[in-house]
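**Student:** One structure is given below, represented as structure tokens, and several questions about it will come after.
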Amino acid sequence: AREMSSPTLPFTSRLDGMRREFDEIVNIPSDSLNSSGFQVLKVNQLDALRLDSEINDLLGSQFFKMFHFFRPEVVDRFKPEWIGLMDILVFYLSIYSMDSTYGNTLQNLKYGDENGIPVSRLRKILFAIVVVGGKWLWNRMNRWTSSSMDQFGQFRASKLFQVLTWMEKAYKVLSLANFLVFLCDGKYISLMTRLLG
């Protein structure tokens with residue numbers, strides 16, 4: 001006599017296999033999660049950084065189109081200040097007000113610590129001083145050294161230019177090291193965010 005197998009047996013074994021596969025997908029290893037249980041993908045952070053760069057370039061080009069009918073030396077003379085003013089405005093409307101840049105918002109990311117607590121007002125202000133103020137100071141110093149070669153003598157300006165060149169190279173090396181660390185752990189996409197926590 002031939003035994004009849006239960007018609008539900010293949011279905012239940014298939015269902016059990018699907019449950020195991022689902023559990024493997026859902027159970028993300030704990031080392032890839034932060035302490036609050038959220039996983040922040042590196043590609044989303046990189047996309048947000050790229051989007052922020054594109055948005056800033058677009059805003060900058062539109063901003064400087066306002067001065068199309070002005071004399072070029074008026075705009076060029078104060079270009080670091082105009083860029084700094086635009087950066088402060090973008091910073092205030094994004095990070096200070098929303099805890100996120102526009103690129104991060106499009107990627108559904110926010111600045112905060114590992115427990116999901118938003119960044120404090122003091123850290124936001126420090127971030128603005130270091131990032132926006134540092135960018136303005138860097139641009140202003142580079143312009144000053146390039147324009148003051150004739151005014152203050154070759155020696156003084158060339159020494160300052162050498163120091164600025166060395167600082168720029170050191171910053172690039174540290175940024176590369178930070179990026180390599182970011183690729184491993186997925187935290188602190190830029191050197192400034194690493195320094196400011």
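Residues are named by chain letter and number: chains run A, B, ... in the order of the structure tokens, numbers start at 1 in each chain, and ligands are numbered from 1 in the order shown.
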Mind checking which residues fall within 8 Å of range 180-191 of chain A, counting only C-alpha atoms, ignoring those fewer than 5 positions away in the same chain, and posting them as a ChimeraX atom specification?

**Tutor:** /A:40-42,45-46,174-175,197

**Student:** Just asking: which residues within range 98-170 of chain A are helix (DSSP H, G or I) according to DSSP, as JSON, numbers by chain?

**Tutor:** {"A": [98, 102, 103, 104, 105, 106, 121, 122, 123, 124, 125, 126, 127, 128, 129, 130, 131, 132, 133, 134, 135, 136, 137, 138, 139, 140, 141, 142, 143, 144, 145, 146, 147, 154, 155, 156, 157, 158, 159, 160, 161, 162, 163, 164, 165, 166, 167, 168, 169, 170]}

**Student:** Rounded to one decimal place, report the CA of Val132 in chain A-CA of Leu59 in chain A distance in Å.

**Tutor:** 15.6 Å

**Student:** So, with only C-alpha atoms as the atoms that count, which of A:Trp82, A:Phe91, A:Phe161, A:Trp166 lies closest to Leu126 in chain A?

**Tutor:** A:Phe91
